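Peer 1: query_29.pdb is the file, holding PDB, C-alpha atoms and all ligand atoms:
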```
ATOM      1  CA  MET F  55      14.353  61.141 -16.053  1.00  0.00           C
ATOM      2  CA  ARG F  56      14.557  60.056 -12.462  1.00  0.00           C
ATOM      3  CA  GLY F  57      16.867  57.522 -10.858  1.00  0.00           C
ATOM      4  CA  PHE F  58      18.964  56.455  -7.884  1.00  0.00           C
ATOM      5  CA  VAL F  59      22.736  56.979  -8.013  1.00  0.00           C
ATOM      6  CA  LEU F  60      24.313  53.531  -7.591  1.00  0.00           C
ATOM      7  CA  ASN F  61      27.937  54.536  -7.968  1.00  0.00           C
ATOM      8  CA  THR F  62      30.264  57.338  -9.033  1.00  0.00           C
ATOM      9  CA  VAL F  63      33.825  56.965 -10.291  1.00  0.00           C
ATOM     10  CA  LYS F  64      36.176  59.906 -10.714  1.00  0.00           C
ATOM     11  CA  VAL F  65      37.902  60.110 -14.078  1.00  0.00           C
ATOM     12  CA  ARG F  66      40.618  62.608 -14.903  1.00  0.00           C
ATOM     13  CA  ASP F  67      40.472  65.663 -12.644  1.00  0.00           C
ATOM     14  CA  GLU F  68      36.885  66.751 -12.576  1.00  0.00           C
ATOM     15  CA  ASP F  69      34.814  64.288 -14.572  1.00  0.00           C
ATOM     16  CA  LEU F  70      32.665  61.503 -13.209  1.00  0.00           C
ATOM     17  CA  ILE F  71      31.231  58.256 -14.508  1.00  0.00           C
ATOM     18  CA  VAL F  72      27.861  57.824 -12.817  1.00  0.00           C
ATOM     19  CA  ARG F  73      25.753  54.654 -12.621  1.00  0.00           C
ATOM     20  CA  ILE F  74      22.044  55.323 -12.177  1.00  0.00           C
ATOM     21  CA  LEU F  75      19.147  52.954 -11.524  1.00  0.00           C
ATOM     22  CA  THR F  76      15.973  54.128 -13.277  1.00  0.00           C
ATOM     23  CA  LYS F  77      12.641  52.286 -13.465  1.00  0.00           C
ATOM     24  CA  ASN F  78      13.721  49.980 -16.279  1.00  0.00           C
ATOM     25  CA  GLU F  79      17.423  50.599 -16.904  1.00  0.00           C
ATOM     26  CA  VAL F  80      20.800  50.854 -15.246  1.00  0.00           C
ATOM     27  CA  LEU F  81      22.491  53.759 -17.033  1.00  0.00           C
ATOM     28  CA  THR F  82      26.190  54.544 -17.120  1.00  0.00           C
ATOM     29  CA  LEU F  83      26.635  58.232 -17.927  1.00  0.00           C
ATOM     30  CA  TYR F  84      29.462  60.717 -18.228  1.00  0.00           C
ATOM     31  CA  ARG F  85      29.429  63.887 -16.157  1.00  0.00           C
ATOM     32  CA  PHE F  86      31.757  66.650 -17.332  1.00  0.00           C
ATOM     33  CA  TYR F  87      33.314  68.993 -14.795  1.00  0.00           C
ATOM     34  CA  GLY F  88      31.830  67.105 -11.827  1.00  0.00           C
ATOM     35  CA  ALA F  89      33.638  69.308  -9.340  1.00  0.00           C
ATOM     36  CA  ARG F  90      32.153  72.492 -10.749  1.00  0.00           C
ATOM     37  CA  HIS F  91      28.575  71.275 -10.512  1.00  0.00           C
ATOM     38  CA  SER F  92      26.501  70.258  -7.514  1.00  0.00           C
ATOM     39  CA  TYR F  93      27.922  67.182  -5.828  1.00  0.00           C
ATOM     40  CA  ILE F  94      26.469  63.801  -6.829  1.00  0.00           C
ATOM     41  CA  ASN F  95      26.068  61.454  -3.857  1.00  0.00           C
ATOM     42  CA  VAL F  96      25.701  57.700  -3.935  1.00  0.00           C
ATOM     43  CA  GLY F  97      22.166  56.618  -3.010  1.00  0.00           C
ATOM     44  CA  TYR F  98      20.489  59.919  -3.846  1.00  0.00           C
ATOM     45  CA  LEU F  99      17.426  60.123  -6.044  1.00  0.00           C
ATOM     46  CA  ILE F 100      18.079  62.569  -8.880  1.00  0.00           C
ATOM     47  CA  ASP F 101      16.205  64.220 -11.720  1.00  0.00           C
ATOM     48  CA  PHE F 102      18.405  64.417 -14.794  1.00  0.00           C
ATOM     49  CA  VAL F 103      18.636  64.656 -18.551  1.00  0.00           C
ATOM     50  CA  VAL F 104      20.502  62.199 -20.786  1.00  0.00           C
ATOM     51  CA  GLU F 105      22.298  63.859 -23.662  1.00  0.00           C
ATOM     52  CA  GLU F 106      23.374  61.846 -26.694  1.00  0.00           C
ATOM     53  CA  SER F 107      26.951  62.436 -27.714  1.00  0.00           C
ATOM     54  CA  ALA F 108      28.028  62.140 -31.332  1.00  0.00           C
ATOM     55  CA  LYS F 109      31.704  61.691 -30.476  1.00  0.00           C
ATOM     56  CA  THR F 110      31.551  59.016 -27.806  1.00  0.00           C
ATOM     57  CA  THR F 111      29.481  55.941 -27.089  1.00  0.00           C
ATOM     58  CA  ILE F 112      28.868  56.965 -23.488  1.00  0.00           C
ATOM     59  CA  LYS F 113      25.983  59.407 -23.079  1.00  0.00           C
ATOM     60  CA  ARG F 114      26.199  62.541 -20.998  1.00  0.00           C
ATOM     61  CA  LEU F 115      24.526  63.323 -17.706  1.00  0.00           C
ATOM     62  CA  ARG F 116      23.037  66.836 -17.642  1.00  0.00           C
ATOM     63  CA  ASN F 117      20.806  69.080 -15.538  1.00  0.00           C
ATOM     64  CA  VAL F 118      21.104  67.084 -12.333  1.00  0.00           C
ATOM     65  CA  VAL F 119      18.795  67.987  -9.447  1.00  0.00           C
ATOM     66  CA  GLN F 120      19.158  66.021  -6.206  1.00  0.00           C
ATOM     67  CA  LEU F 121      15.906  65.250  -4.406  1.00  0.00           C
ATOM     68  CA  SER F 122      16.025  65.380  -0.640  1.00  0.00           C
ATOM     69  CA  PHE F 123      15.333  62.522   1.789  1.00  0.00           C
ATOM     70  CA  SER F 124      13.753  62.970   5.215  1.00  0.00           C
ATOM     71  CA  PHE F 125      16.574  60.933   6.804  1.00  0.00           C
ATOM     72  CA  LEU F 126      19.358  62.909   5.096  1.00  0.00           C
ATOM     73  CA  PHE F 127      20.879  64.187   8.328  1.00  0.00           C
ATOM     74  CA  ASN F 128      20.621  60.948  10.269  1.00  0.00           C
ATOM     75  CA  LEU F 129      24.182  59.650   9.931  1.00  0.00           C
ATOM     76  CA  GLU F 130      23.459  56.069  10.966  1.00  0.00           C
ATOM     77  CA  LYS F 131      20.497  55.692   8.616  1.00  0.00           C
ATOM     78  CA  MET F 132      22.439  57.252   5.722  1.00  0.00           C
ATOM     79  CA  LEU F 133      25.452  55.015   6.354  1.00  0.00           C
ATOM     80  CA  ASN F 134      23.377  51.823   6.404  1.00  0.00           C
ATOM     81  CA  TYR F 135      21.424  52.945   3.342  1.00  0.00           C
ATOM     82  CA  LYS F 136      24.689  53.548   1.456  1.00  0.00           C
ATOM     83  CA  ILE F 137      25.983  50.107   2.457  1.00  0.00           C
ATOM     84  CA  PHE F 138      22.797  48.624   0.973  1.00  0.00           C
ATOM     85  CA  ILE F 139      23.246  50.672  -2.232  1.00  0.00           C
ATOM     86  CA  ASN F 140      26.861  49.470  -2.585  1.00  0.00           C
ATOM     87  CA  LEU F 141      25.774  45.848  -2.216  1.00  0.00           C
ATOM     88  CA  LEU F 142      23.012  46.421  -4.780  1.00  0.00           C
ATOM     89  CA  ASN F 143      25.434  48.107  -7.194  1.00  0.00           C
ATOM     90  CA  THR F 144      27.801  45.135  -7.058  1.00  0.00           C
ATOM     91  CA  HIS F 145      24.859  42.765  -7.468  1.00  0.00           C
ATOM     92  CA  LEU F 146      23.655  44.635 -10.572  1.00  0.00           C
ATOM     93  CA  ASN F 147      27.094  44.635 -12.156  1.00  0.00           C
ATOM     94  CA  ASP F 148      26.853  44.301 -15.982  1.00  0.00           C
ATOM     95  CA  ILE F 149      23.066  44.807 -15.986  1.00  0.00           C
ATOM     96  CA  THR F 150      21.513  47.418 -18.294  1.00  0.00           C
ATOM     97  CA  LYS F 151      17.822  46.450 -18.649  1.00  0.00           C
ATOM     98  CA  ILE F 152      16.057  45.866 -15.358  1.00  0.00           C
ATOM     99  CA  ASP F 153      12.667  45.056 -13.820  1.00  0.00           C
ATOM    100  CA  ASN F 154      11.063  48.059 -12.074  1.00  0.00           C
ATOM    101  CA  PHE F 155      11.090  46.021  -8.827  1.00  0.00           C
ATOM    102  CA  TYR F 156      14.527  47.423  -7.901  1.00  0.00           C
ATOM    103  CA  TYR F 157      13.657  51.096  -8.413  1.00  0.00           C
ATOM    104  CA  ASN F 158      10.394  50.625  -6.515  1.00  0.00           C
ATOM    105  CA  LEU F 159      12.234  48.833  -3.709  1.00  0.00           C
ATOM    106  CA  LEU F 160      14.541  51.844  -3.222  1.00  0.00           C
ATOM    107  CA  LEU F 161      11.530  54.187  -3.327  1.00  0.00           C
ATOM    108  CA  LYS F 162       9.866  52.165  -0.570  1.00  0.00           C
ATOM    109  CA  ILE F 163      13.067  52.129   1.494  1.00  0.00           C
ATOM    110  CA  THR F 164      13.650  55.874   1.219  1.00  0.00           C
ATOM    111  CA  ASN F 165       9.988  56.598   2.005  1.00  0.00           C
ATOM    112  CA  SER F 166       9.935  54.572   5.227  1.00  0.00           C
ATOM    113  CA  MET F 167      13.527  54.971   6.454  1.00  0.00           C
ATOM    114  CA  GLN F 168      12.726  57.901   8.733  1.00  0.00           C
ATOM    115  CA  GLU F 169      10.166  55.911  10.762  1.00  0.00           C
ATOM    116  CA  ARG F 170      11.928  52.549  10.783  1.00  0.00           C
ATOM    117  CA  ASN F 171      15.046  50.982  12.271  1.00  0.00           C
ATOM    118  CA  SER F 172      17.364  51.119   9.258  1.00  0.00           C
ATOM    119  CA  LYS F 173      18.921  47.657   9.597  1.00  0.00           C
ATOM    120  CA  ARG F 174      15.554  45.965  10.087  1.00  0.00           C
ATOM    121  CA  LEU F 175      14.071  47.786   7.099  1.00  0.00           C
ATOM    122  CA  LEU F 176      17.044  46.933   4.855  1.00  0.00           C
ATOM    123  CA  ILE F 177      17.122  43.253   5.886  1.00  0.00           C
ATOM    124  CA  GLU F 178      13.385  42.980   5.149  1.00  0.00           C
ATOM    125  CA  SER F 179      13.979  44.675   1.778  1.00  0.00           C
ATOM    126  CA  TYR F 180      16.771  42.216   1.007  1.00  0.00           C
ATOM    127  CA  ILE F 181      14.402  39.294   1.734  1.00  0.00           C
ATOM    128  CA  ASN F 182      11.973  40.785  -0.802  1.00  0.00           C
ATOM    129  CA  LEU F 183      14.815  41.004  -3.335  1.00  0.00           C
ATOM    130  CA  LEU F 184      15.817  37.375  -2.766  1.00  0.00           C
ATOM    131  CA  GLU F 185      12.212  36.276  -3.243  1.00  0.00           C
ATOM    132  CA  LYS F 186      11.837  38.346  -6.404  1.00  0.00           C
ATOM    133  CA  GLU F 187      14.957  36.672  -7.829  1.00  0.00           C
ATOM    134  CA  GLY F 188      13.788  33.186  -6.830  1.00  0.00           C
ATOM    135  CA  ARG F 189      16.671  32.780  -4.373  1.00  0.00           C
ATOM    136  CA  LEU F 190      14.753  32.702  -1.083  1.00  0.00           C
ATOM    137  CA  HIS F 191      14.968  29.174   0.304  1.00  0.00           C
ATOM    138  CA  LYS F 192      11.938  28.700   2.551  1.00  0.00           C
ATOM    139  CA  ASP F 193      12.209  24.917   2.591  1.00  0.00           C
ATOM    140  CA  PHE F 194      15.170  24.910   5.022  1.00  0.00           C
ATOM    141  CA  ILE F 195      17.147  22.257   3.202  1.00  0.00           C
ATOM    142  CA  CYS F 196      20.874  22.512   3.968  1.00  0.00           C
ATOM    143  CA  PHE F 197      22.723  23.714   0.852  1.00  0.00           C
ATOM    144  CA  LEU F 198      25.774  21.659   1.835  1.00  0.00           C
ATOM    145  CA  CYS F 199      24.491  18.214   2.895  1.00  0.00           C
ATOM    146  CA  GLU F 200      21.021  18.570   1.285  1.00  0.00           C
ATOM    147  CA  ASN F 201      19.198  17.259   4.359  1.00  0.00           C
ATOM    148  CA  LYS F 202      16.278  18.921   6.149  1.00  0.00           C
ATOM    149  CA  ILE F 203      17.132  21.410   8.920  1.00  0.00           C
ATOM    150  CA  TYR F 204      15.137  21.401  12.164  1.00  0.00           C
ATOM    151  CA  LYS F 205      14.846  23.982  14.967  1.00  0.00           C
ATOM    152  CA  LYS F 206      18.114  25.895  14.474  1.00  0.00           C
ATOM    153  CA  VAL F 207      18.813  27.188  10.973  1.00  0.00           C
ATOM    154  CA  ALA F 208      22.201  28.700  10.215  1.00  0.00           C
ATOM    155  CA  LEU F 209      22.491  31.105   7.293  1.00  0.00           C
ATOM    156  CA  ALA F 210      25.353  31.448   4.825  1.00  0.00           C
ATOM    157  CA  ARG F 211      25.959  34.231   2.285  1.00  0.00           C
ATOM    158  CA  GLY F 212      22.787  35.030   0.345  1.00  0.00           C
ATOM    159  CA  PHE F 213      20.799  33.765   3.366  1.00  0.00           C
ATOM    160  CA  LEU F 214      21.294  30.188   2.209  1.00  0.00           C
ATOM    161  CA  PRO F 215      20.038  27.821   4.930  1.00  0.00           C
ATOM    162  CA  ALA F 216      22.464  25.299   6.434  1.00  0.00           C
ATOM    163  CA  HIS F 217      22.933  23.112   9.505  1.00  0.00           C
ATOM    164  CA  GLU F 218      24.917  24.718  12.317  1.00  0.00           C
ATOM    165  CA  LYS F 219      27.422  21.847  12.136  1.00  0.00           C
ATOM    166  CA  CYS F 220      27.742  22.098   8.341  1.00  0.00           C
ATOM    167  CA  ILE F 221      28.900  25.735   8.268  1.00  0.00           C
ATOM    168  CA  TYR F 222      30.236  25.867  11.836  1.00  0.00           C
ATOM    169  CA  ASP F 223      27.986  28.754  12.785  1.00  0.00           C
ATOM    170  CA  LYS F 224      25.267  29.378  15.350  1.00  0.00           C
ATOM    171  CA  GLY F 225      21.766  29.163  13.866  1.00  0.00           C
ATOM    172  CA  PHE F 226      18.563  31.164  14.220  1.00  0.00           C
ATOM    173  CA  SER F 227      15.284  29.826  15.548  1.00  0.00           C
ATOM    174  CA  GLU F 228      13.275  28.214  12.778  1.00  0.00           C
ATOM    175  CA  LYS F 229      10.108  29.984  13.955  1.00  0.00           C
ATOM    176  CA  LYS F 230      11.723  33.441  13.680  1.00  0.00           C
ATOM    177  CA  LEU F 231      13.109  32.701  10.226  1.00  0.00           C
ATOM    178  CA  ILE F 232       9.714  31.508   8.985  1.00  0.00           C
ATOM    179  CA  GLU F 233       8.237  34.868  10.072  1.00  0.00           C
ATOM    180  CA  LEU F 234      11.049  36.667   8.224  1.00  0.00           C
ATOM    181  CA  PHE F 235      10.921  34.581   5.052  1.00  0.00           C
ATOM    182  CA  GLU F 236       7.124  34.309   4.792  1.00  0.00           C
ATOM    183  CA  ASN F 237       5.992  37.717   6.046  1.00  0.00           C
ATOM    184  CA  LYS F 238       9.196  39.735   5.497  1.00  0.00           C
ATOM    185  CA  LYS F 239       9.149  40.867   9.130  1.00  0.00           C
ATOM    186  CA  THR F 240      12.133  41.064  11.495  1.00  0.00           C
ATOM    187  CA  ILE F 241       9.852  41.646  14.489  1.00  0.00           C
ATOM    188  CA  LEU F 242      10.732  38.375  16.293  1.00  0.00           C
ATOM    189  CA  PHE F 243      14.495  38.973  16.202  1.00  0.00           C
ATOM    190  CA  ASN F 244      16.312  40.790  19.008  1.00  0.00           C
ATOM    191  CA  ASP F 245      18.927  43.462  18.255  1.00  0.00           C
ATOM    192  CA  GLU F 246      21.822  41.034  18.595  1.00  0.00           C
ATOM    193  CA  GLU F 247      20.253  38.725  16.005  1.00  0.00           C
ATOM    194  CA  ILE F 248      19.617  41.701  13.714  1.00  0.00           C
ATOM    195  CA  GLU F 249      23.344  42.518  13.889  1.00  0.00           C
ATOM    196  CA  LYS F 250      24.134  38.969  12.876  1.00  0.00           C
ATOM    197  CA  LEU F 251      21.666  39.006   9.955  1.00  0.00           C
ATOM    198  CA  TRP F 252      23.109  42.367   8.896  1.00  0.00           C
ATOM    199  CA  LYS F 253      26.638  40.934   8.838  1.00  0.00           C
ATOM    200  CA  ILE F 254      25.529  37.957   6.726  1.00  0.00           C
ATOM    201  CA  MET F 255      23.784  40.314   4.276  1.00  0.00           C
ATOM    202  CA  ASN F 256      27.011  42.337   4.063  1.00  0.00           C
ATOM    203  CA  LEU F 257      28.865  39.303   2.692  1.00  0.00           C
ATOM    204  CA  GLY F 258      27.117  40.115  -0.581  1.00  0.00           C
ATOM    205  CA  PHE F 259      23.712  39.917  -2.256  1.00  0.00           C
TER     206      PHE F 259
HETATM  207 ZN    ZN F 301      23.856  20.198   6.457  1.00  0.00          ZN
END
```
Here is a file; write its structure as structure tokens.

Peer 2:
Amino acid sequence: MRGFVLNTVKVRDEDLIVRILTKNEVLTLYRFYGARHSYINVGYLIDFVVEESAKTTIKRLRNVVQLSFSFLFNLEKMLNYKIFINLLNTHLNDITKIDNFYYNLLLKITNSMQERNSKRLLIESYINLLEKEGRLHKDFICFLCENKIYKKVALARGFLPAHEKCIYDKGFSEKKLIELFENKKTILFNDEEIEKLWKIMNLGF
């Protein structure tokens, strides 16, 4: 099988519990003697074998091969990618069966990370995720007072639109947000605005 490592948790001295996103499942597997095998990194795409265990309910992770990314040695890209993976892991908490959208999204991200600005790529990917989950609010109705927002749209956690005065935060230009929400492009935003969008995304998916 093939999947992205969402999370690893050390248990006892050398064992690991590993969460892996495959095309249609989120697997939680047990890795014996983690320290003696090749290291398993969060975010990496791996080939692996699932081994049934008669004694325990948790299945075993075997024959792990890590597949390399082109941006592996770019520290900033790797760091931002791992932040995105951590947010996704928390978001997918308790999920076992999953739409292949998520696996394909990570494939697209890892395939274009080398050429793209990492924060812009990950924000655009997050907008796609929100749309897929039916949580992208393109109508610009304030989630607090439920009135229409004009010109300056502030964003709360989950990119929920609000009036600047309702959440006491500076808004983004409506025109730029329409380009982001409709076409999934950050092109109209300057770097300072990208930082701000990045911080809002980091509040949680
Ligand atoms: Zn409002």

Peer 1: May I have the residues within 7 Å of Leu75 of chain F as a list of chain:residue names, using only C-alpha atoms and disregarding those fewer than 4 positions away in the same chain?

Peer 2: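 Neighbouring residues, sequence-local ones excluded: F:Gly57, F:Phe58, F:Val59, F:Leu60, F:Glu79, F:Val80, F:Leu81, F:Tyr157.
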
Peer 1: Any chance you could resolve the PyMOL selection byres (((chain F and resi 176) around 9) and not hetatm) against this file and give the residues as a short mmCIF file (atom, residue, chain, number, x, y, z; two decimals) with C-alpha atoms, in the frame of the given file?

Peer 2:
```
data_model
loop_
_atom_site.label_atom_id
_atom_site.label_comp_id
_atom_site.auth_asym_id
_atom_site.auth_seq_id
_atom_site.Cartn_x
_atom_site.Cartn_y
_atom_site.Cartn_z
CA ASN F 134 23.38 51.82 6.40
CA TYR F 135 21.42 52.94 3.34
CA PHE F 138 22.80 48.62 0.97
CA ILE F 163 13.07 52.13 1.49
CA MET F 167 13.53 54.97 6.45
CA ASN F 171 15.05 50.98 12.27
CA SER F 172 17.36 51.12 9.26
CA LYS F 173 18.92 47.66 9.60
CA ARG F 174 15.55 45.96 10.09
CA LEU F 175 14.07 47.79 7.10
CA ILE F 177 17.12 43.25 5.89
CA GLU F 178 13.38 42.98 5.15
CA SER F 179 13.98 44.68 1.78
CA TYR F 180 16.77 42.22 1.01
CA ILE F 181 14.40 39.29 1.73
CA TRP F 252 23.11 42.37 8.90
#
```

Peer 1: Take the PyMOL selection byres (((not hetatm)) within 12 of (chain F and resi 301)), apply it to the structure above, and return the hits as a ChimeraX atom specification.

Peer 2: /F:194-204,206-210,214-223,225

Peer 1: Using all atoms listed in the file, which protein or nucleic acid residues come within 7 Å of Asn154 of chain F? Drop anything in the same chain fewer than 4 positions from it, and give the result as a compact mmCIF listing (two decimals) with C-alpha atoms, in the coordinates of the input.

Peer 2:
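Generated file (out-v4.txt):
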```
# COMPACT_ATOMS: atom_id res chain seq x y z
CA LYS F 77 12.64 52.29 -13.46
CA ASN F 78 13.72 49.98 -16.28
CA ASN F 158 10.39 50.62 -6.52
```

Peer 1: Quick one: distance from atom CA of Lys136 of chain F to atom CA of Asn61 of chain F in Å, one decimal?

Peer 2: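 If I compute the distance from atom CA of Lys136 of chain F to atom CA of Asn61 of chain F, I get 10.0 Å.
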
Peer 1: What does the PyMOL selection byres (((chain F and resi 189) around 12) and not hetatm) select in this file, as a PDB file with C-alpha atoms, in the coordinates of the input?

Peer 2:
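Result saved to expr.pdb:
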```pdb
ATOM      1  CA  TYR F 180      16.771  42.216   1.007  1.00  0.00           C
ATOM      2  CA  ILE F 181      14.402  39.294   1.734  1.00  0.00           C
ATOM      3  CA  ASN F 182      11.973  40.785  -0.802  1.00  0.00           C
ATOM      4  CA  LEU F 183      14.815  41.004  -3.335  1.00  0.00           C
ATOM      5  CA  LEU F 184      15.817  37.375  -2.766  1.00  0.00           C
ATOM      6  CA  GLU F 185      12.212  36.276  -3.243  1.00  0.00           C
ATOM      7  CA  LYS F 186      11.837  38.346  -6.404  1.00  0.00           C
ATOM      8  CA  GLU F 187      14.957  36.672  -7.829  1.00  0.00           C
ATOM      9  CA  GLY F 188      13.788  33.186  -6.830  1.00  0.00           C
ATOM     10  CA  LEU F 190      14.753  32.702  -1.083  1.00  0.00           C
ATOM     11  CA  HIS F 191      14.968  29.174   0.304  1.00  0.00           C
ATOM     12  CA  LYS F 192      11.938  28.700   2.551  1.00  0.00           C
ATOM     13  CA  ASP F 193      12.209  24.917   2.591  1.00  0.00           C
ATOM     14  CA  ARG F 211      25.959  34.231   2.285  1.00  0.00           C
ATOM     15  CA  GLY F 212      22.787  35.030   0.345  1.00  0.00           C
ATOM     16  CA  PHE F 213      20.799  33.765   3.366  1.00  0.00           C
ATOM     17  CA  LEU F 214      21.294  30.188   2.209  1.00  0.00           C
ATOM     18  CA  PRO F 215      20.038  27.821   4.930  1.00  0.00           C
ATOM     19  CA  PHE F 235      10.921  34.581   5.052  1.00  0.00           C
ATOM     20  CA  PHE F 259      23.712  39.917  -2.256  1.00  0.00           C
TER      21      PHE F 259
END
```

Peer 1: For atom CA of Val118 of chain F and atom CA of Ile74 of chain F, quote the distance in Å rounded to one decimal.

Peer 2: 11.8 Å

Peer 1: Pick from F:Asn256, F:Asn117, F:Ser107, F:Asn165: nearest to Asn140 of chain F, with all atoms listed in the file counted?

Peer 2: F:Asn256

Peer 1: Choose the residue, out of F:Ile71, F:Leu99, F:Leu126, F:Leu146, that has the smallest atom-to-atom separation from Lys113 of chain F; count all atoms listed in the file.

Peer 2: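 Selected residue with least distance to Lys113 of chain F: F:Ile71.
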
Peer 1: Could you check the closest approach to Leu251 of chain F for each of F:Ile94, F:Leu141, F:Leu234, F:Leu70 and tell me which residue wins, using all atoms listed in the file?

Peer 2: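 For Leu251 of chain F, the nearest of the given residues is F:Leu234.
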
Peer 1: Put a box with edges along x, y and z around all the listed atoms of segment 233-248 of chain F, pad it by 8 Å on each side, then give me its centre and sizes in Å, one decimal, as lines of an AutoDock Vina configuration file.

Peer 2:
```
center_x = 13.9
center_y = 38.9
center_z = 11.9
size_x = 31.8
size_y = 25.2
size_z = 30.2
```

Peer 1: Do a neighbour search on His91 of chain F at 12 Å with only C-alpha atoms, toss out local chain neighbours closer than 5 positions, and write the hits as a tab-separated table (two decimals) with C-alpha atoms, in the frame of the given file.

Peer 2:
```tsv
chain	number	residue	atom	x	y	z
F	68	GLU	CA	36.88	66.75	-12.58
F	69	ASP	CA	34.81	64.29	-14.57
F	70	LEU	CA	32.66	61.50	-13.21
F	85	ARG	CA	29.43	63.89	-16.16
F	86	PHE	CA	31.76	66.65	-17.33
F	115	LEU	CA	24.53	63.32	-17.71
F	116	ARG	CA	23.04	66.84	-17.64
F	117	ASN	CA	20.81	69.08	-15.54
F	118	VAL	CA	21.10	67.08	-12.33
F	119	VAL	CA	18.80	67.99	-9.45
F	120	GLN	CA	19.16	66.02	-6.21
```

Peer 1: State, in Å with one decimal place, the distance from atom CA of Thr76 of chain F to atom CA of Lys64 of chain F.

Peer 2: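 So the answer is 21.2 Å.
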
Peer 1: Using all atoms listed in the file, which residue out of F:Met255, F:Leu242, F:Leu159, F:Leu83 lies closest to Val104 of chain F?

Peer 2: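 Ranking F:Met255, F:Leu242, F:Leu159, F:Leu83 by distance to Val104 of chain F, first place goes to F:Leu83.
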
Peer 1: Select, counting all atoms listed in the file, all protein, DNA and RNA residues no farther than 9 Å from (12.2, 34.5, 11.6) in file coordinates, and express the selection as a VMD selection string.

Peer 2: chain F and resid 226 to 243

Peer 1: Restrict the selected residues to C-alpha atoms and save them as an mmCIF file, keeping the file's coordinate frame.

Peer 2:
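Heads up, here's the output in part18.cif:
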```
data_model
loop_
_atom_site.group_PDB
_atom_site.id
_atom_site.type_symbol
_atom_site.label_atom_id
_atom_site.label_comp_id
_atom_site.auth_asym_id
_atom_site.auth_seq_id
_atom_site.Cartn_x
_atom_site.Cartn_y
_atom_site.Cartn_z
ATOM 1 C CA PHE F 226 18.563 31.164 14.220
ATOM 2 C CA SER F 227 15.284 29.826 15.548
ATOM 3 C CA GLU F 228 13.275 28.214 12.778
ATOM 4 C CA LYS F 229 10.108 29.984 13.955
ATOM 5 C CA LYS F 230 11.723 33.441 13.680
ATOM 6 C CA LEU F 231 13.109 32.701 10.226
ATOM 7 C CA ILE F 232 9.714 31.508 8.985
ATOM 8 C CA GLU F 233 8.237 34.868 10.072
ATOM 9 C CA LEU F 234 11.049 36.667 8.224
ATOM 10 C CA PHE F 235 10.921 34.581 5.052
ATOM 11 C CA GLU F 236 7.124 34.309 4.792
ATOM 12 C CA ASN F 237 5.992 37.717 6.046
ATOM 13 C CA LYS F 238 9.196 39.735 5.497
ATOM 14 C CA LYS F 239 9.149 40.867 9.130
ATOM 15 C CA THR F 240 12.133 41.064 11.495
ATOM 16 C CA ILE F 241 9.852 41.646 14.489
ATOM 17 C CA LEU F 242 10.732 38.375 16.293
ATOM 18 C CA PHE F 243 14.495 38.973 16.202
#
```
